[in-house]
$ cat model01.cif   # mmCIF, C-alpha atoms
data_data
#
loop_
_atom_site.label_atom_id
_atom_site.label_comp_id
_atom_site.auth_asym_id
_atom_site.auth_seq_id
_atom_site.Cartn_x
_atom_site.Cartn_y
_atom_site.Cartn_z
CA MET Z 1 -46.09 141.19 273.22
CA THR Z 2 -48.35 138.80 271.32
CA PRO Z 3 -50.80 140.56 269.01
CA CYS Z 4 -54.47 140.13 269.82
CA SER Z 5 -56.33 137.42 267.94
CA GLY Z 6 -57.44 138.66 264.54
CA SER Z 7 -54.98 141.58 264.51
CA PRO Z 8 -52.26 141.73 261.84
CA ALA Z 9 -48.80 140.87 263.15
CA ALA Z 10 -46.11 143.53 263.09
CA GLY Z 11 -44.55 143.88 259.67
CA THR Z 12 -47.49 142.35 257.80
CA SER Z 13 -50.07 144.10 255.68
CA SER Z 14 -53.44 144.78 257.22
CA ALA Z 15 -56.45 142.64 256.40
CA PRO Z 16 -58.79 143.79 253.60
CA ALA Z 17 -61.35 146.33 254.71
CA ILE Z 18 -64.80 144.96 255.48
CA PRO Z 19 -67.30 146.23 252.89
CA PRO Z 20 -69.93 148.64 254.18
CA VAL Z 21 -73.51 147.64 254.83
CA LEU Z 22 -75.64 148.40 251.78
CA ALA Z 23 -78.89 146.90 253.04
CA GLU Z 24 -80.37 145.73 256.31
CA VAL Z 25 -82.99 143.08 256.97
CA VAL Z 26 -85.69 144.36 259.30
CA ARG Z 27 -88.31 141.96 260.66
CA SER Z 28 -91.01 143.18 263.05
CA GLY Z 29 -88.93 146.29 263.71
CA PHE Z 30 -85.85 144.24 264.61
CA VAL Z 31 -82.72 144.31 262.45
CA GLU Z 32 -81.93 140.63 261.97
CA GLY Z 33 -79.26 140.82 259.28
CA HIS Z 34 -77.16 142.89 256.90
CA HIS Z 35 -75.99 142.74 253.31
CA ARG Z 36 -72.58 144.28 252.64
CA GLY Z 37 -71.13 145.31 249.33
CA SER Z 38 -69.54 147.99 247.20
CA LEU Z 39 -71.13 150.67 245.03
CA VAL Z 40 -69.97 153.44 242.73
CA LEU Z 41 -71.87 156.41 241.27
CA LEU Z 42 -70.46 158.34 238.32
CA ALA Z 43 -71.44 161.93 237.61
CA ALA Z 44 -72.48 163.02 234.13
CA ASP Z 45 -68.87 163.96 233.33
CA GLY Z 46 -67.68 160.46 234.26
CA GLY Z 47 -66.07 161.43 237.55
CA VAL Z 48 -66.66 159.34 240.67
CA GLU Z 49 -69.37 161.05 242.71
CA LEU Z 50 -69.76 158.38 245.39
CA ALA Z 51 -67.75 155.28 246.24
CA LEU Z 52 -68.78 152.85 248.95
CA GLY Z 53 -66.40 150.00 249.61
CA ASP Z 54 -63.66 149.00 247.16
CA VAL Z 55 -64.87 149.99 243.70
CA THR Z 56 -61.50 149.45 242.00
CA ALA Z 57 -61.03 145.75 242.81
CA PRO Z 58 -62.07 143.31 240.05
CA VAL Z 59 -65.40 141.51 240.26
CA PHE Z 60 -67.20 139.18 237.90
CA PRO Z 61 -70.08 141.32 236.52
CA ARG Z 62 -71.87 138.13 235.48
CA SER Z 63 -74.76 139.00 233.15
CA SER Z 64 -74.11 142.73 233.48
CA ASN Z 65 -71.43 141.99 230.85
CA LYS Z 66 -74.08 140.96 228.30
CA PRO Z 67 -74.34 144.33 226.54
CA MET Z 68 -70.62 144.04 225.75
CA GLN Z 69 -71.10 140.49 224.48
CA ALA Z 70 -73.95 141.65 222.25
CA ALA Z 71 -71.83 144.50 220.88
CA ALA Z 72 -69.13 141.95 220.03
CA VAL Z 73 -71.48 139.91 217.82
CA LEU Z 74 -72.40 143.11 215.98
CA ARG Z 75 -68.73 143.91 215.49
CA ALA Z 76 -68.34 140.39 214.15
CA GLY Z 77 -70.76 141.39 211.39
CA LEU Z 78 -74.02 139.87 212.61
CA ASP Z 79 -76.93 142.10 211.61
CA LEU Z 80 -79.32 142.11 214.57
CA SER Z 81 -81.76 144.81 215.59
CA GLY Z 82 -84.90 145.38 217.61
CA GLU Z 83 -86.15 142.56 219.78
CA ARG Z 84 -83.50 140.17 218.46
CA LEU Z 85 -80.65 142.41 219.53
CA ALA Z 86 -82.29 143.01 222.92
CA LEU Z 87 -82.59 139.24 223.37
CA ALA Z 88 -78.90 138.83 222.50
CA ALA Z 89 -78.13 141.01 225.56
CA ALA Z 90 -80.74 139.39 227.77
CA SER Z 91 -81.14 137.39 230.93
CA HIS Z 92 -84.66 136.62 229.83
CA SER Z 93 -87.36 135.25 232.10
CA GLY Z 94 -88.14 132.25 229.91
CA GLU Z 95 -91.61 133.50 229.07
CA GLU Z 96 -93.25 132.09 225.95
CA PHE Z 97 -92.39 135.12 223.82
CA HIS Z 98 -88.72 134.78 224.81
CA ARG Z 99 -88.61 131.10 223.94
CA ASP Z 100 -90.39 131.67 220.63
CA LEU Z 101 -87.97 134.36 219.51
CA VAL Z 102 -84.92 132.27 220.42
CA GLN Z 103 -86.30 129.49 218.23
CA LYS Z 104 -86.92 131.95 215.39
CA MET Z 105 -83.40 133.35 215.67
CA LEU Z 106 -81.93 129.87 215.49
CA ALA Z 107 -84.02 128.97 212.42
CA GLU Z 108 -83.19 132.24 210.67
CA HIS Z 109 -79.50 131.43 210.86
CA GLY Z 110 -79.77 127.74 209.99
CA LEU Z 111 -79.18 126.64 213.57
CA THR Z 112 -80.90 124.17 215.86
CA ALA Z 113 -81.53 124.18 219.60
CA GLY Z 114 -79.18 121.21 219.86
CA GLN Z 115 -76.26 123.49 219.01
CA LEU Z 116 -76.82 125.70 222.04
CA GLN Z 117 -74.15 124.99 224.65
CA CYS Z 118 -75.91 126.76 227.51
CA PRO Z 119 -77.30 124.26 230.05
CA ALA Z 120 -80.90 123.12 230.08
CA ASP Z 121 -82.90 125.08 232.62
CA LEU Z 122 -86.33 126.17 233.78
CA PRO Z 123 -87.67 129.70 233.22
CA LEU Z 124 -85.86 132.25 235.40
CA ASP Z 125 -89.14 133.85 236.46
CA PRO Z 126 -90.67 131.79 239.32
CA ALA Z 127 -94.27 132.33 238.20
CA GLU Z 128 -93.38 131.35 234.65
CA ALA Z 129 -91.52 128.29 235.91
CA GLU Z 130 -94.65 127.09 237.74
CA THR Z 131 -96.76 127.47 234.59
CA TYR Z 132 -94.07 125.77 232.51
CA LEU Z 133 -93.85 122.76 234.82
CA ALA Z 134 -97.64 122.51 235.18
CA ALA Z 135 -97.80 122.11 231.38
CA GLY Z 136 -95.58 119.04 231.69
CA ARG Z 137 -92.51 120.64 230.18
CA VAL Z 138 -88.91 119.89 231.12
CA ARG Z 139 -85.66 121.84 231.32
CA GLU Z 140 -84.33 122.88 227.92
CA PRO Z 141 -81.39 125.00 226.72
CA VAL Z 142 -83.80 127.34 224.86
CA THR Z 143 -85.52 128.11 228.18
CA MET Z 144 -82.25 129.01 229.90
CA ASN Z 145 -82.02 132.79 230.46
CA CYS Z 146 -78.86 133.13 228.32
CA SER Z 147 -80.18 131.30 225.25
CA GLY Z 148 -80.62 134.48 223.21
CA LYS Z 149 -76.97 135.38 223.74
CA HIS Z 150 -75.87 131.89 222.77
CA ALA Z 151 -78.02 131.92 219.63
CA ALA Z 152 -76.46 135.23 218.59
CA MET Z 153 -72.94 133.94 219.28
CA LEU Z 154 -73.55 130.83 217.16
CA ALA Z 155 -74.95 132.96 214.34
CA ALA Z 156 -71.92 135.27 214.41
CA CYS Z 157 -69.63 132.25 214.24
CA GLY Z 158 -71.50 130.84 211.25
CA LEU Z 159 -71.28 134.16 209.43
CA ASN Z 160 -67.51 134.28 209.89
CA GLU Z 161 -66.92 130.56 209.34
CA TRP Z 162 -65.58 130.25 212.89
CA SER Z 163 -65.99 127.02 214.79
CA GLN Z 164 -69.48 126.65 216.23
CA GLU Z 165 -68.42 123.68 218.30
CA THR Z 166 -65.84 125.67 220.30
CA TYR Z 167 -67.59 129.05 220.47
CA LEU Z 168 -67.31 129.11 224.29
CA ASP Z 169 -63.54 128.61 224.32
CA PRO Z 170 -61.84 131.75 225.74
CA ASP Z 171 -59.36 131.60 222.84
CA HIS Z 172 -62.11 131.47 220.21
CA PRO Z 173 -62.04 134.50 217.84
CA LEU Z 174 -65.47 135.61 219.05
CA GLN Z 175 -64.49 135.46 222.72
CA ARG Z 176 -61.28 137.36 222.05
CA LEU Z 177 -63.45 140.01 220.40
CA VAL Z 178 -65.72 140.09 223.46
CA LEU Z 179 -62.69 140.64 225.68
CA SER Z 180 -61.53 143.57 223.56
CA VAL Z 181 -65.00 145.17 223.67
CA VAL Z 182 -65.13 144.79 227.47
CA GLU Z 183 -61.70 146.37 227.91
CA GLU Z 184 -62.47 149.23 225.53
CA ALA Z 185 -65.81 150.04 227.17
CA ALA Z 186 -64.53 149.71 230.75
CA GLY Z 187 -61.32 151.62 230.12
CA GLU Z 188 -59.25 148.99 231.89
CA SER Z 189 -57.71 145.59 231.36
CA VAL Z 190 -59.65 142.44 232.17
CA ALA Z 191 -58.22 141.14 235.44
CA ALA Z 192 -59.33 137.52 235.13
CA VAL Z 193 -61.32 135.24 232.86
CA GLY Z 194 -63.65 132.64 234.35
CA THR Z 195 -66.67 130.61 233.28
CA ASP Z 196 -70.16 132.03 233.71
CA GLY Z 197 -73.19 130.00 234.72
CA CYS Z 198 -74.16 129.56 231.06
CA GLY Z 199 -70.68 128.30 230.15
CA ALA Z 200 -69.51 131.44 228.35
CA PRO Z 201 -66.20 133.11 229.24
CA LEU Z 202 -66.64 135.74 231.95
CA MET Z 203 -64.39 138.80 232.16
CA ALA Z 204 -63.59 140.43 235.51
CA ILE Z 205 -63.41 144.22 235.74
CA SER Z 206 -63.91 146.72 238.56
CA LEU Z 207 -67.26 148.22 239.50
CA THR Z 208 -65.92 151.57 238.32
CA GLY Z 209 -65.04 149.97 235.00
CA LEU Z 210 -68.50 148.43 234.76
CA ALA Z 211 -70.18 151.79 235.37
CA ARG Z 212 -67.87 153.37 232.78
CA ALA Z 213 -68.83 150.66 230.29
CA PHE Z 214 -72.56 151.37 230.64
CA ARG Z 215 -71.87 155.09 230.38
CA HIS Z 216 -69.88 154.39 227.21
CA PHE Z 217 -72.82 152.53 225.68
CA VAL Z 218 -75.41 155.28 226.22
CA LEU Z 219 -73.04 158.02 225.01
CA ALA Z 220 -71.67 156.11 222.01
CA PRO Z 221 -72.31 157.58 218.54
CA GLU Z 222 -75.53 156.57 216.82
CA GLY Z 223 -74.96 153.57 214.58
CA SER Z 224 -72.04 152.24 216.59
CA ALA Z 225 -72.31 148.68 217.91
CA GLU Z 226 -72.50 149.93 221.49
CA ARG Z 227 -75.24 152.45 220.80
CA ARG Z 228 -77.23 149.94 218.74
CA VAL Z 229 -77.20 147.55 221.70
CA ALA Z 230 -78.17 150.27 224.16
CA ASP Z 231 -80.98 151.51 221.92
CA ALA Z 232 -82.37 148.00 221.35
CA MET Z 233 -82.33 147.20 225.07
CA ARG Z 234 -84.07 150.45 225.95
CA ALA Z 235 -86.68 150.06 223.20
CA HIS Z 236 -87.48 146.44 224.08
CA PRO Z 237 -86.77 145.98 227.80
CA GLU Z 238 -89.22 143.11 228.14
CA TYR Z 239 -86.87 141.05 225.95
CA VAL Z 240 -83.86 142.00 228.10
CA ALA Z 241 -85.57 140.74 231.27
CA GLY Z 242 -89.29 139.96 231.44
CA THR Z 243 -92.68 141.30 232.34
CA ARG Z 244 -92.08 141.00 236.10
CA ARG Z 245 -88.47 142.21 236.36
CA PRO Z 246 -86.91 145.46 237.68
CA ASP Z 247 -84.68 145.97 234.61
CA THR Z 248 -87.82 146.07 232.47
CA TRP Z 249 -89.66 148.40 234.82
CA LEU Z 250 -86.73 150.81 235.04
CA MET Z 251 -86.07 151.02 231.30
CA ARG Z 252 -89.77 151.47 230.59
CA GLU Z 253 -90.38 154.20 233.15
CA VAL Z 254 -87.12 156.20 233.30
CA PRO Z 255 -86.54 157.60 229.80
CA GLY Z 256 -83.16 156.67 228.37
CA ALA Z 257 -82.06 154.43 231.24
CA LEU Z 258 -79.95 151.38 230.39
CA SER Z 259 -80.13 148.69 233.08
CA LYS Z 260 -78.79 145.16 233.41
CA MET Z 261 -78.55 142.93 236.45
CA GLY Z 262 -76.14 140.06 236.90
CA ALA Z 263 -76.04 136.95 239.06
CA GLU Z 264 -74.53 137.18 242.54
CA ALA Z 265 -76.31 140.52 243.05
CA VAL Z 266 -74.54 142.71 240.51
CA GLN Z 267 -76.28 145.68 238.89
CA ALA Z 268 -75.27 148.37 236.42
CA VAL Z 269 -77.28 151.33 235.14
CA ALA Z 270 -76.51 154.32 232.93
CA LEU Z 271 -78.66 157.37 232.32
CA PRO Z 272 -78.71 159.20 228.99
CA ASP Z 273 -76.73 162.19 230.27
CA GLY Z 274 -73.79 159.98 231.33
CA ARG Z 275 -74.60 159.40 234.98
CA ALA Z 276 -73.98 155.77 235.81
CA LEU Z 277 -73.76 153.35 238.71
CA ALA Z 278 -72.64 149.82 239.46
CA PHE Z 279 -72.71 147.75 242.61
CA LYS Z 280 -72.27 144.25 243.94
CA VAL Z 281 -73.79 142.82 247.09
CA GLU Z 282 -70.98 140.75 248.54
CA ASP Z 283 -72.99 137.72 249.64
CA GLY Z 284 -74.84 137.54 246.33
CA ALA Z 285 -78.27 138.08 247.91
CA THR Z 286 -80.61 139.13 245.14
CA ARG Z 287 -83.22 140.23 247.69
CA ALA Z 288 -81.02 143.27 248.36
CA LEU Z 289 -80.78 144.29 244.70
CA GLY Z 290 -84.01 146.28 244.51
CA PRO Z 291 -83.60 148.35 247.68
CA VAL Z 292 -79.95 149.14 246.88
CA LEU Z 293 -80.76 149.99 243.27
CA ALA Z 294 -83.64 152.29 244.20
CA ARG Z 295 -81.51 154.15 246.76
CA ALA Z 296 -78.57 154.48 244.38
CA LEU Z 297 -80.80 155.87 241.65
CA ALA Z 298 -82.28 158.38 244.09
CA LEU Z 299 -78.79 159.51 245.04
CA ALA Z 300 -78.02 159.86 241.34
CA GLY Z 301 -80.94 162.29 241.09
CA VAL Z 302 -83.59 160.05 239.56
CA GLU Z 303 -87.11 160.94 240.61
CA ALA Z 304 -89.71 158.45 239.41
CA PRO Z 305 -92.55 156.43 240.96
CA VAL Z 306 -90.91 153.23 239.72
CA LEU Z 307 -88.23 153.57 242.39
CA THR Z 308 -90.81 152.71 245.05
CA ARG Z 309 -91.77 149.58 243.14
CA ILE Z 310 -88.17 148.52 242.58
CA GLY Z 311 -87.17 149.22 246.15
CA HIS Z 312 -89.99 147.26 247.79
CA ALA Z 313 -88.54 143.98 249.16
CA PRO Z 314 -90.98 142.66 251.79
CA LEU Z 315 -90.35 140.04 254.44
CA TRP Z 316 -93.21 137.69 255.24
CA GLY Z 317 -94.41 136.07 258.44
CA GLY Z 318 -97.56 134.00 258.77
CA GLY Z 319 -98.60 134.94 255.27
CA ARG Z 320 -98.44 138.69 255.84
CA GLU Z 321 -95.83 141.38 255.39
CA VAL Z 322 -93.91 141.90 258.64
CA GLY Z 323 -90.78 143.72 257.51
CA ALA Z 324 -88.52 144.49 254.60
CA VAL Z 325 -85.03 144.58 253.24
CA ARG Z 326 -84.11 148.25 253.03
CA ALA Z 327 -81.15 150.30 251.87
CA ALA Z 328 -78.77 151.43 254.62
CA PHE Z 329 -76.74 154.19 252.96
#

$ encode --input "model01.cif" --output "structure tokens"
Amino acid sequence: MTPCSGSPAAGTSSAPAIPPVLAEVVRSGFVEGHHRGSLVLLAADGGVELALGDVTAPVFPRSSNKPMQAAAVLRAGLDLSGERLALAAASHSGEEFHRDLVQKMLAEHGLTAGQLQCPADLPLDPAEAETYLAAGRVREPVTMNCSGKHAAMLAACGLNEWSQETYLDPDHPLQRLVLSVVEEAAGESVAAVGTDGCGAPLMAISLTGLARAFRHFVLAPEGSAERRVADAMRAHPEYVAGTRRPDTWLMREVPGALSKMGAEAVQAVALPDGRALAFKVEDGATRALGPVLARALALAGVEAPVLTRIGHAPLWGGGREVGAVRAAF
């Protein structure tokens, strides 16, 4: 008997499970689409409290790996603190205060903007990008959301007399150090190494490993590289993201929360008691990030008005709100 179309043939392994729906798109009361993905919640003791989808398969955390990259430059001996350390772990919005501090960091370490190997870009924040272009400005590496990280990496290389021309090579001493920090924090081996949007090496780990890594940072001993990064991010969240970004809102309004989004709809959060979460929306739709994040935080026991703000993802029709993207779990 011939198997039905789409069914696995006898003797073969079954197809991968379809990820569950994390968010649905509702327009005028009609569900017109879905966003699938995987999500893990860790309890305060580190145990898995909720797992939706496959939370053990490797994913690229994208910029959610930045706290680990920032910890690596500290371990390399670079003395950063405060806003500078927050900016080293940032996907900044490209606002004027972000651009100014990147330039200051470069000058402080005898570097120039021409040494940055991140691509030229516009501000990540759409409103800021409009203002930037209206002023007649053009794409620049300093404006790119990862420029703070790249400035810190270059400075760490200069301090150690490592090549500044090849600092993005996966075999560079700094990048090998980043890999070791990622593996230590996640409690698992890196499954693959790719290239991130900014050109830096990108280490794949599971969502469970990513949540463990954020938990590790908030629970790390005071004075450790990991704790210094977590404390700087939480003290200066506007430098981690921007004035109009959910990471900033969450770290400002939920005491002790550590939050970092990544491209392709990745998010990781840890709370000061060790509760943590990580998720990825499979299709990379950033419009689903807020609703999924707000729902996950509520399930983790967070009660704060900011969840309503984070979770609000309206759909528009004719210039007015006619629906929303909303969590479906």

$ resolve_selection --input "model01.cif" --expression "the PyMOL selection byres ((chain Z and resi 216-222) around 9)" --output "list in words"
Pro67, Met68, Ala185, Ala186, Ala211, Arg212, Ala213, Phe214, Arg215, Gly223, Ser224, Ala225, Glu226, Arg227, Arg228, Val229, Ala230, Asp231, Gly256, Ala257, Leu258, Ala270, Leu271, Pro272, Asp273 and Gly274 of chain Z

$ residues_around --input "model01.cif" --residues "Val181 of chain Z" --least-positions-apart "5" --cutoff "8 Å" --atoms "all atoms listed in the file" --output "list of chain:residue names"
Z:Met68, Z:Gln69, Z:Ala71, Z:Ala72

$ residues_around --input "model01.cif" --residues "segment 172-177 of chain Z" --least-positions-apart "3" --cutoff "9 Å" --atoms "all atoms listed in the file" --output "PDB file with C-alpha atoms, keeping the file's coordinate frame"
ATOM      1  CA  GLN Z  69     -71.100 140.490 224.480  1.00  0.00           C
ATOM      2  CA  ALA Z  72     -69.130 141.950 220.030  1.00  0.00           C
ATOM      3  CA  VAL Z  73     -71.480 139.910 217.820  1.00  0.00           C
ATOM      4  CA  ARG Z  75     -68.730 143.910 215.490  1.00  0.00           C
ATOM      5  CA  ALA Z  76     -68.340 140.390 214.150  1.00  0.00           C
ATOM      6  CA  MET Z 153     -72.940 133.940 219.280  1.00  0.00           C
ATOM      7  CA  ALA Z 156     -71.920 135.270 214.410  1.00  0.00           C
ATOM      8  CA  CYS Z 157     -69.630 132.250 214.240  1.00  0.00           C
ATOM      9  CA  TRP Z 162     -65.580 130.250 212.890  1.00  0.00           C
ATOM     10  CA  SER Z 163     -65.990 127.020 214.790  1.00  0.00           C
ATOM     11  CA  THR Z 166     -65.840 125.670 220.300  1.00  0.00           C
ATOM     12  CA  TYR Z 167     -67.590 129.050 220.470  1.00  0.00           C
ATOM     13  CA  LEU Z 168     -67.310 129.110 224.290  1.00  0.00           C
ATOM     14  CA  ASP Z 169     -63.540 128.610 224.320  1.00  0.00           C
ATOM     15  CA  SER Z 180     -61.530 143.570 223.560  1.00  0.00           C
ATOM     16  CA  VAL Z 181     -65.000 145.170 223.670  1.00  0.00           C
ATOM     17  CA  VAL Z 182     -65.130 144.790 227.470  1.00  0.00           C
ATOM     18  CA  ALA Z 200     -69.510 131.440 228.350  1.00  0.00           C
ATOM     19  CA  PRO Z 201     -66.200 133.110 229.240  1.00  0.00           C
TER      20      PRO Z 201
END

$ resolve_selection --input "model01.cif" --expression "the PyMOL selection byres ((chain Z and resi 207) around 10)" --output "PyMOL selection string"
chain Z and resi 38-41+51+54-61+186+204-206+208-213+266-268+277-280

$ closest_residue --input "model01.cif" --among "Z:Lys149, Z:Arg137, Z:His35, Z:Arg84" --to "Lys66 of chain Z" --atoms "only C-alpha atoms"
Z:Lys149

$ closest_residue --input "model01.cif" --among "Z:Arg295, Z:Arg309, Z:Arg234, Z:Arg275" --to "Val48 of chain Z" --atoms "all atoms listed in the file"
Z:Arg275

$ build_atoms --input "model01.cif" --residues "segment 255-264 of chain Z" --atoms "all heavy atoms" --output "compact mmCIF listing (two decimals), in the frame of the given file"
# COMPACT_ATOMS: atom_id res chain seq x y z
N PRO Z 255 -86.95 157.42 231.19
CA PRO Z 255 -86.54 157.60 229.80
C PRO Z 255 -85.02 157.56 229.63
O PRO Z 255 -84.29 158.26 230.32
CB PRO Z 255 -87.11 158.97 229.43
CG PRO Z 255 -88.30 159.13 230.34
CD PRO Z 255 -87.88 158.48 231.63
N GLY Z 256 -84.57 156.73 228.71
CA GLY Z 256 -83.16 156.67 228.37
C GLY Z 256 -82.29 155.84 229.27
O GLY Z 256 -81.08 155.72 229.04
N ALA Z 257 -82.87 155.24 230.32
CA ALA Z 257 -82.06 154.43 231.24
C ALA Z 257 -81.69 153.11 230.59
O ALA Z 257 -82.49 152.47 229.91
CB ALA Z 257 -82.82 154.18 232.53
N LEU Z 258 -80.45 152.68 230.82
CA LEU Z 258 -79.95 151.38 230.39
C LEU Z 258 -79.63 150.59 231.65
O LEU Z 258 -78.82 151.03 232.46
CB LEU Z 258 -78.70 151.53 229.53
CG LEU Z 258 -78.05 150.22 229.05
CD1 LEU Z 258 -78.95 149.50 228.06
CD2 LEU Z 258 -76.68 150.51 228.42
N SER Z 259 -80.24 149.43 231.83
CA SER Z 259 -80.13 148.69 233.08
C SER Z 259 -79.94 147.21 232.81
O SER Z 259 -80.60 146.64 231.94
CB SER Z 259 -81.40 148.90 233.92
OG SER Z 259 -81.35 148.20 235.14
N LYS Z 260 -79.00 146.60 233.55
CA LYS Z 260 -78.79 145.16 233.41
C LYS Z 260 -78.26 144.59 234.71
O LYS Z 260 -77.21 145.00 235.20
CB LYS Z 260 -77.80 144.87 232.28
CG LYS Z 260 -77.65 143.37 232.00
CD LYS Z 260 -78.88 142.81 231.34
CE LYS Z 260 -78.85 141.29 231.29
NZ LYS Z 260 -79.07 140.69 232.64
N MET Z 261 -79.00 143.62 235.25
CA MET Z 261 -78.55 142.93 236.45
C MET Z 261 -77.65 141.76 236.06
O MET Z 261 -77.60 141.34 234.91
CB MET Z 261 -79.72 142.44 237.28
CG MET Z 261 -80.70 141.50 236.57
SD MET Z 261 -80.17 139.78 236.34
CE MET Z 261 -80.18 139.24 238.04
N GLY Z 262 -76.95 141.25 237.08
CA GLY Z 262 -76.14 140.06 236.90
C GLY Z 262 -76.28 139.16 238.11
O GLY Z 262 -76.66 139.62 239.20
N ALA Z 263 -75.98 137.89 237.94
CA ALA Z 263 -76.04 136.95 239.06
C ALA Z 263 -75.09 137.40 240.17
O ALA Z 263 -74.20 138.22 239.96
CB ALA Z 263 -75.68 135.55 238.58
N GLU Z 264 -75.30 136.82 241.34
CA GLU Z 264 -74.53 137.18 242.54
C GLU Z 264 -74.70 138.65 242.91
O GLU Z 264 -73.79 139.29 243.43
CB GLU Z 264 -73.04 136.83 242.38
CG GLU Z 264 -72.76 135.34 242.28
CD GLU Z 264 -73.20 134.57 243.52
OE1 GLU Z 264 -72.93 135.03 244.65
OE2 GLU Z 264 -73.82 133.50 243.35
